[in-house]
>>> print(open('structure_34.txt').read())   # compact mmCIF, C-alpha atoms
# COMPACT_ATOMS: atom_id res chain seq x y z
CA MET A 1 -50.37 -8.57 -8.47
CA ASN A 2 -50.72 -7.27 -12.04
CA PHE A 3 -49.41 -10.47 -13.59
CA GLY A 4 -51.75 -12.50 -11.40
CA MET A 5 -54.72 -10.41 -12.47
CA ALA A 6 -53.76 -10.78 -16.14
CA SER A 7 -53.51 -14.54 -15.71
CA ASP A 8 -56.94 -14.71 -14.09
CA LEU A 9 -58.52 -12.56 -16.82
CA ALA A 10 -57.01 -14.67 -19.59
CA ASP A 11 -58.42 -17.79 -17.98
CA MET A 12 -61.87 -16.40 -17.16
CA GLU A 13 -62.56 -14.27 -20.24
CA HIS A 14 -60.74 -16.09 -23.03
CA ASP A 15 -60.27 -19.66 -21.70
CA ILE A 16 -56.49 -19.34 -22.15
CA LYS A 17 -54.48 -21.58 -19.85
CA VAL A 18 -51.74 -19.59 -18.14
CA GLU A 19 -48.94 -20.65 -15.80
CA SER A 20 -47.00 -18.18 -13.61
CA ILE A 21 -43.41 -18.30 -12.39
CA ILE A 22 -41.97 -15.88 -9.84
CA VAL A 23 -38.25 -15.29 -10.39
CA ARG A 24 -36.25 -15.58 -7.16
CA ASP A 25 -32.61 -15.05 -8.11
CA ASP A 26 -31.54 -12.34 -5.63
CA VAL A 27 -29.40 -14.12 -3.02
CA ALA A 28 -29.26 -10.96 -0.88
CA SER A 29 -33.01 -10.70 -0.36
CA ALA A 30 -33.48 -13.85 1.75
CA PRO A 31 -31.39 -16.83 2.93
CA ALA A 32 -31.37 -20.08 0.97
CA HIS A 33 -33.79 -21.83 3.35
CA GLU A 34 -36.32 -19.05 2.68
CA LYS A 35 -35.83 -18.93 -1.08
CA GLU A 36 -39.56 -18.51 -1.66
CA LYS A 37 -39.23 -15.01 -0.14
CA ARG A 38 -36.56 -13.88 -2.58
CA ARG A 39 -37.18 -11.25 -5.22
CA GLY A 40 -36.26 -11.31 -8.85
CA ILE A 41 -33.61 -8.99 -10.21
CA ALA A 42 -31.51 -9.28 -13.39
CA GLY A 43 -31.79 -13.08 -13.41
CA GLU A 44 -35.20 -12.46 -14.97
CA PHE A 45 -33.28 -11.91 -18.21
CA PHE A 46 -32.19 -15.56 -18.41
CA VAL A 47 -35.49 -16.96 -17.14
CA THR A 48 -37.46 -14.96 -19.71
CA LYS A 49 -34.98 -15.91 -22.48
CA VAL A 50 -35.47 -19.61 -21.74
CA ALA A 51 -39.26 -19.29 -21.63
CA GLY A 52 -39.37 -17.35 -24.89
CA ALA A 53 -37.01 -19.70 -26.74
CA ALA A 54 -38.88 -22.80 -25.58
CA SER A 55 -42.18 -21.25 -26.65
CA ALA A 56 -40.78 -20.13 -30.02
CA LYS A 57 -39.62 -23.67 -30.85
CA GLY A 58 -43.16 -24.93 -30.29
CA ASP A 59 -42.93 -26.63 -26.89
CA LYS A 60 -46.22 -27.30 -25.16
CA LEU A 61 -47.02 -25.14 -22.13
CA GLU A 62 -46.07 -27.88 -19.66
CA GLU A 63 -42.65 -28.25 -21.28
CA VAL A 64 -42.09 -24.48 -21.39
CA LEU A 65 -42.96 -24.39 -17.69
CA ARG A 66 -40.53 -27.22 -16.84
CA LYS A 67 -37.60 -25.65 -18.67
CA THR A 68 -38.32 -22.19 -17.27
CA ASN A 69 -38.53 -23.55 -13.74
CA LYS A 70 -35.14 -25.22 -14.27
CA ALA A 71 -33.64 -21.88 -15.28
CA ASN A 72 -35.26 -20.20 -12.28
CA ASP A 73 -33.83 -22.85 -9.95
CA TRP A 74 -30.33 -22.52 -11.40
CA VAL A 75 -29.95 -18.72 -11.60
CA ARG A 76 -28.45 -16.50 -8.89
CA SER A 77 -27.77 -12.75 -8.78
CA MET A 78 -26.49 -10.01 -6.49
CA GLY A 79 -26.07 -6.30 -7.06
CA VAL A 80 -24.31 -3.19 -5.81
CA GLY A 81 -25.55 0.39 -5.98
CA LEU A 82 -23.24 3.40 -6.24
CA THR A 83 -25.89 6.10 -6.66
CA PRO A 84 -29.66 5.93 -6.12
CA CYS A 85 -32.28 6.60 -8.77
CA SER A 86 -35.00 9.23 -8.54
CA LEU A 87 -38.56 7.94 -8.79
CA PRO A 88 -40.57 9.92 -11.38
CA GLN A 89 -43.61 10.39 -9.15
CA THR A 90 -41.59 11.96 -6.32
CA GLY A 91 -38.46 13.35 -7.98
CA LYS A 92 -36.54 12.27 -4.88
CA PRO A 93 -33.78 9.65 -4.54
CA SER A 94 -35.06 6.20 -3.58
CA PHE A 95 -32.39 5.99 -0.84
CA GLU A 96 -29.40 7.99 0.36
CA LEU A 97 -25.73 7.23 -0.17
CA GLY A 98 -22.70 9.22 0.90
CA GLU A 99 -20.09 10.26 -1.62
CA ASN A 100 -17.81 7.34 -0.68
CA GLU A 101 -20.48 4.76 0.14
CA MET A 102 -21.98 1.84 -1.73
CA GLU A 103 -25.11 -0.21 -1.18
CA ILE A 104 -24.85 -4.01 -1.34
CA GLY A 105 -27.77 -6.23 -2.35
CA LEU A 106 -30.17 -3.64 -3.74
CA GLY A 107 -33.23 -4.28 -5.89
CA HIS A 108 -33.55 -3.12 -9.49
CA HIS A 109 -36.68 -1.06 -8.88
CA GLY A 110 -34.74 1.35 -6.70
CA GLU A 111 -35.18 -0.56 -3.44
CA PRO A 112 -32.36 -0.09 -0.93
CA GLY A 113 -30.00 -2.97 -0.26
CA ILE A 114 -29.12 -5.03 2.79
CA GLU A 115 -26.10 -3.03 3.92
CA LYS A 116 -24.12 0.14 3.31
CA GLY A 117 -20.36 0.23 3.36
CA PRO A 118 -17.34 2.23 2.27
CA LEU A 119 -16.70 2.36 -1.46
CA GLU A 120 -14.30 -0.38 -2.57
CA THR A 121 -12.40 -1.19 -5.75
CA ALA A 122 -14.10 -2.98 -8.64
CA ASN A 123 -12.20 -6.18 -7.84
CA GLU A 124 -13.18 -6.07 -4.17
CA VAL A 125 -16.83 -5.45 -4.97
CA CYS A 126 -16.87 -8.19 -7.58
CA ASP A 127 -15.21 -10.65 -5.19
CA ARG A 128 -17.93 -9.99 -2.60
CA LEU A 129 -20.74 -10.52 -5.09
CA ILE A 130 -19.18 -13.64 -6.60
CA HIS A 131 -18.49 -15.12 -3.15
CA ASP A 132 -22.11 -14.73 -2.03
CA ILE A 133 -23.51 -16.02 -5.31
CA LEU A 134 -21.29 -19.11 -5.45
CA ALA A 135 -21.93 -19.87 -1.77
CA ASP A 136 -25.61 -20.20 -2.68
CA THR A 137 -25.10 -22.56 -5.64
CA GLU A 138 -23.99 -26.13 -6.18
CA LEU A 139 -21.58 -25.32 -8.99
CA SER A 140 -18.58 -27.63 -9.35
CA ALA A 141 -15.39 -27.69 -11.40
CA GLY A 142 -16.22 -28.46 -15.00
CA ASP A 143 -19.71 -26.95 -14.92
CA ASP A 144 -20.82 -24.51 -17.60
CA VAL A 145 -22.56 -21.21 -16.84
CA ALA A 146 -24.15 -18.23 -18.54
CA ILE A 147 -23.04 -14.85 -17.17
CA LEU A 148 -24.74 -11.46 -17.10
CA VAL A 149 -22.98 -8.35 -15.83
CA ASN A 150 -25.89 -5.94 -15.84
CA GLY A 151 -25.72 -2.16 -15.58
CA LEU A 152 -28.37 -0.40 -13.51
CA GLY A 153 -28.73 2.62 -15.79
CA SER A 154 -25.78 5.01 -15.61
CA THR A 155 -22.75 2.73 -15.25
CA THR A 156 -20.51 2.84 -18.30
CA GLN A 157 -19.85 -0.13 -20.54
CA MET A 158 -16.14 0.09 -19.71
CA GLU A 159 -16.85 -0.23 -15.98
CA LEU A 160 -19.11 -3.22 -16.63
CA TYR A 161 -16.34 -4.93 -18.61
CA ILE A 162 -13.93 -4.32 -15.74
CA MET A 163 -16.37 -6.21 -13.52
CA PHE A 164 -16.73 -8.98 -16.09
CA ARG A 165 -12.96 -9.39 -16.27
CA ARG A 166 -12.90 -10.16 -12.55
CA VAL A 167 -15.87 -12.54 -12.82
CA GLU A 168 -14.04 -14.44 -15.54
CA GLN A 169 -10.88 -14.63 -13.44
CA ARG A 170 -12.71 -16.00 -10.40
CA LEU A 171 -14.62 -18.61 -12.41
CA ASN A 172 -11.46 -19.71 -14.22
CA GLU A 173 -9.82 -20.29 -10.84
CA LYS A 174 -12.64 -22.71 -10.00
CA ASN A 175 -12.56 -24.34 -13.45
CA ILE A 176 -16.11 -23.18 -14.16
CA GLN A 177 -16.55 -22.55 -17.87
CA ILE A 178 -18.44 -19.55 -19.28
CA HIS A 179 -20.67 -20.82 -22.08
CA ARG A 180 -22.12 -17.42 -22.97
CA SER A 181 -21.76 -13.94 -21.50
CA TYR A 182 -23.74 -10.72 -21.62
CA VAL A 183 -22.39 -7.33 -20.51
CA GLY A 184 -24.55 -4.22 -20.66
CA ASN A 185 -27.74 -2.52 -19.55
CA TYR A 186 -30.34 -5.28 -19.73
CA SER A 187 -32.38 -4.69 -16.57
CA THR A 188 -32.04 -1.10 -15.39
CA SER A 189 -33.37 1.14 -12.64
CA LEU A 190 -33.70 4.54 -14.30
CA GLU A 191 -30.42 6.45 -13.77
CA MET A 192 -29.08 4.33 -10.89
CA GLY A 193 -25.32 3.79 -10.76
CA GLY A 194 -24.04 0.29 -10.08
CA CYS A 195 -24.41 -3.20 -11.46
CA SER A 196 -25.41 -6.74 -10.70
CA ILE A 197 -23.82 -10.09 -11.48
CA THR A 198 -25.93 -13.05 -12.54
CA ILE A 199 -24.70 -16.63 -12.87
CA MET A 200 -26.84 -19.46 -14.23
CA LYS A 201 -25.69 -23.04 -14.51
CA VAL A 202 -26.46 -24.44 -17.98
CA ASP A 203 -26.74 -27.98 -19.30
CA ASN A 204 -27.21 -28.90 -22.97
CA GLU A 205 -30.94 -28.20 -22.79
CA LEU A 206 -30.50 -24.69 -21.38
CA LYS A 207 -27.55 -23.94 -23.67
CA GLU A 208 -29.77 -24.49 -26.72
CA LEU A 209 -32.37 -22.07 -25.36
CA ILE A 210 -29.87 -19.41 -24.25
CA ASP A 211 -28.15 -19.60 -27.66
CA ALA A 212 -31.41 -19.36 -29.63
CA PRO A 213 -31.72 -16.24 -31.82
CA VAL A 214 -33.95 -13.39 -30.68
CA ASN A 215 -34.88 -10.00 -32.09
CA CYS A 216 -36.94 -7.70 -29.89
CA PRO A 217 -36.86 -4.06 -28.73
CA MET A 218 -34.79 -5.05 -25.69
CA TYR A 219 -31.93 -6.72 -27.58
CA ALA A 220 -31.07 -8.83 -30.57
CA GLN A 221 -29.09 -12.06 -30.77
CA PHE A 222 -28.44 -13.82 -34.07
>>> encode(input="structure_34.txt", output="structure tokens")
Amino acid sequence: MNFGMASDLADMEHDIKVESIIVRDDVASAPAHEKEKRRGIAGEFFVTKVAGAASAKGDKLEEVLRKTNKANDWVRSMGVGLTPCSLPQTGKPSFELGENEMEIGLGHHGEPGIEKGPLETANEVCDRLIHDILADTELSAGDDVAILVNGLGSTTQMELYIMFRRVEQRLNEKNIQIHRSYVGNYSTSLEMGGCSITIMKVDNELKELIDAPVNCPMYAQF
């Protein structure tokens, strides 16, 4: 709603042409045949990176839109929550989890997931997330991808790298090549424990944009 209002104001008050894209990378939030109902989670990182890099190199708005839509079409994510976050306005957890429970398919604004289950090992959790992500893509042997293992706020860097190790193993088994990887807290939900995995297919056009340098408060890449 807020982005839509900003777009309308830019058009009406300043005659600035604006195009909007809704990121829909969360495979857990709706089935593939209802992709338009999906929400955006950490895949927004790659979609925004592509849009910013295309804009920075001087592409016209229509070309920025085309490349960003390609990234949006090719990115998939899924997450797991180990502890909820507490919303500032209430001070209460956004959902409840038992000591040995985990939440599969949660949103990164503290929304609960699609199912609760007993806590599993890092490899088992990663296998579940990778399975559901790959089942929703058309990736084939020989394809290149960009990977993001994203912490939700309180998961340690070591734990995130343990998850990445398993992602790399599974992709190697399918002969899918990792062009570039990111591991860390890029799209968080306050102090929530857990992580998400994002996979985006990349061709030469998207590789150039993902590899482009950036320096902003969120992160730097040179």
>>> closest_residue(input="structure_34.txt", among="A:Lys67, A:His179, A:Arg166, A:Lys207", to="A:Val125", atoms="only C-alpha atoms")
A:Arg166
>>> residues_around(input="structure_34.txt", residues="A:Leu129", least_positions_apart="5", cutoff="12 Å", atoms="only C-alpha atoms", output="PyMOL selection string")
chain A and resi 26-28+76-81+103-106+122-124+134-136+149+163-164+166-167+170+195-199
>>> residues_near_point(input="structure_34.txt", point="(-28.3, 6.1, -17.7)", cutoff="6 Å", atoms="all atoms listed in the file", output="VMD selection string")
chain A and resid 153 to 154 191
>>> axis_aligned_box(input="structure_34.txt", around="stretch 131-143 of chain A", padding_each_side="8 Å", output="AutoDock Vina command-line options")
--center_x -20.5 --center_y -21.6 --center_z -8.4 --size_x 26.2 --size_y 29.7 --size_z 29.2
>>> atom_distance(input="structure_34.txt", atom1="atom CA of A:Gly151", atom2="atom CA of A:Asn185")
4.5 Å
>>> closest_atom_pairs(input="structure_34.txt", of="stretch 50-115 of chain A", to="stretch 4-24 of chain A", cutoff="9 Å", atoms="all atoms listed in the file", output="Markdown table")
| residue | atom | partner | partner_atom | distance |
| --- | --- | --- | --- | --- |
| A:Leu61 | CA | A:Glu19 | CA | 8.0 |
| A:Glu62 | CA | A:Glu19 | CA | 8.7 |
| A:Leu65 | CA | A:Glu19 | CA | 7.3 |
| A:Thr68 | CA | A:Ile21 | CA | 8.1 |
| A:Asn69 | CA | A:Ile21 | CA | 7.3 |
| A:Asn72 | CA | A:Val23 | CA | 6.1 |
| A:Asp73 | CA | A:Arg24 | CA | 8.2 |
| A:Val75 | CA | A:Arg24 | CA | 8.3 |
| A:Arg76 | CA | A:Arg24 | CA | 8.0 |
>>> atom_distance(input="structure_34.txt", atom1="atom CA of A:Met158", atom2="atom CA of A:Glu99")
21.1 Å
>>> closest_residue(input="structure_34.txt", among="A:Arg39, A:His109, A:Tyr161, A:Ala220", to="A:Ser189", atoms="all atoms listed in the file")
A:His109
>>> atom_distance(input="structure_34.txt", atom1="atom CA of A:Val183", atom2="atom CA of A:Gln157")
7.6 Å
>>> closest_residue(input="structure_34.txt", among="A:Ser187, A:His33, A:Met200, A:Ile210", to="A:Phe222", atoms="only C-alpha atoms")
A:Ile210
>>> closest_residue(input="structure_34.txt", among="A:Ile176, A:Met1, A:Ala146, A:Ala42", to="A:Leu209", atoms="only C-alpha atoms")
A:Ala146
>>> residues_around(input="structure_34.txt", residues="stretch 52-56 of chain A", least_positions_apart="2", cutoff="12 Å", atoms="only C-alpha atoms", output="ChimeraX atom specification")
/A:44-50,58-69,71,205-216,221
>>> closest_residue(input="structure_34.txt", among="A:Ser94, A:Asn204, A:Thr121, A:Ser140", to="A:Asn175", atoms="all atoms listed in the file")
A:Ser140
>>> decode(input="structure_34.txt", residues="stretch 13-39 of chain A", atoms="N, CA and C atoms", output="CSV table (one decimal), in the first residue's frame")
chain,number,residue,atom,x,y,z
A,13,GLU,N,2.2,14.4,-8.6
A,13,GLU,CA,2.7,15.7,-8.1
A,13,GLU,C,4.0,16.1,-8.8
A,14,HIS,N,4.8,15.2,-9.3
A,14,HIS,CA,6.1,15.5,-9.9
A,14,HIS,C,6.2,15.0,-11.3
A,15,ASP,N,5.2,14.4,-11.9
A,15,ASP,CA,5.3,13.9,-13.3
A,15,ASP,C,6.4,12.9,-13.5
A,16,ILE,N,6.7,12.1,-12.5
A,16,ILE,CA,7.8,11.1,-12.5
A,16,ILE,C,7.1,9.7,-12.9
A,17,LYS,N,7.6,9.1,-13.9
A,17,LYS,CA,7.0,7.8,-14.3
A,17,LYS,C,7.6,6.8,-13.4
A,18,VAL,N,6.8,6.0,-12.8
A,18,VAL,CA,7.2,4.9,-11.9
A,18,VAL,C,6.6,3.6,-12.3
A,19,GLU,N,7.4,2.5,-12.2
A,19,GLU,CA,6.9,1.2,-12.4
A,19,GLU,C,7.0,0.4,-11.1
A,20,SER,N,6.1,-0.5,-10.8
A,20,SER,CA,6.2,-1.3,-9.5
A,20,SER,C,6.3,-2.7,-9.8
A,21,ILE,N,7.1,-3.4,-9.0
A,21,ILE,CA,7.2,-4.9,-9.1
A,21,ILE,C,7.0,-5.5,-7.7
A,22,ILE,N,6.1,-6.5,-7.6
A,22,ILE,CA,5.9,-7.1,-6.3
A,22,ILE,C,6.7,-8.4,-6.3
A,23,VAL,N,7.7,-8.6,-5.4
A,23,VAL,CA,8.5,-9.8,-5.3
A,23,VAL,C,7.6,-10.9,-4.8
A,24,ARG,N,7.8,-12.1,-5.4
A,24,ARG,CA,7.0,-13.3,-5.1
A,24,ARG,C,7.9,-14.5,-5.0
A,25,ASP,N,8.9,-14.5,-4.2
A,25,ASP,CA,9.8,-15.6,-4.2
A,25,ASP,C,9.5,-16.7,-3.2
A,26,ASP,N,8.6,-16.5,-2.3
A,26,ASP,CA,8.4,-17.5,-1.2
A,26,ASP,C,7.5,-18.6,-1.7
A,27,VAL,N,8.2,-19.8,-1.9
A,27,VAL,CA,7.5,-20.9,-2.5
A,27,VAL,C,6.5,-21.5,-1.5
A,28,ALA,N,6.7,-21.2,-0.2
A,28,ALA,CA,5.8,-21.8,0.8
A,28,ALA,C,4.5,-21.1,1.0
A,29,SER,N,4.4,-19.8,0.4
A,29,SER,CA,3.2,-19.0,0.7
A,29,SER,C,2.1,-19.2,-0.3
A,30,ALA,N,2.3,-19.9,-1.4
A,30,ALA,CA,1.2,-20.3,-2.3
A,30,ALA,C,1.8,-21.3,-3.3
A,31,PRO,N,1.0,-22.1,-3.9
A,31,PRO,CA,1.4,-23.1,-4.9
A,31,PRO,C,1.8,-22.4,-6.2
A,32,ALA,N,2.5,-23.1,-7.1
A,32,ALA,CA,3.1,-22.5,-8.3
A,32,ALA,C,2.0,-21.9,-9.2
A,33,HIS,N,0.8,-22.6,-9.2
A,33,HIS,CA,-0.3,-22.1,-10.1
A,33,HIS,C,-1.0,-20.9,-9.5
A,34,GLU,N,-0.6,-20.5,-8.3
A,34,GLU,CA,-1.1,-19.3,-7.7
A,34,GLU,C,0.0,-18.3,-7.3
A,35,LYS,N,1.0,-18.3,-8.2
A,35,LYS,CA,2.2,-17.5,-7.9
A,35,LYS,C,1.9,-16.1,-7.6
A,36,GLU,N,0.9,-15.5,-8.2
A,36,GLU,CA,0.6,-14.1,-7.9
A,36,GLU,C,0.2,-13.8,-6.5
A,37,LYS,N,-0.1,-14.9,-5.7
A,37,LYS,CA,-0.5,-14.7,-4.3
A,37,LYS,C,0.7,-14.8,-3.4
A,38,ARG,N,1.9,-15.1,-3.9
A,38,ARG,CA,3.0,-15.3,-3.1
A,38,ARG,C,3.5,-14.0,-2.5
A,39,ARG,N,4.2,-14.1,-1.4
A,39,ARG,CA,4.8,-13.0,-0.8
A,39,ARG,C,6.3,-12.9,-1.1
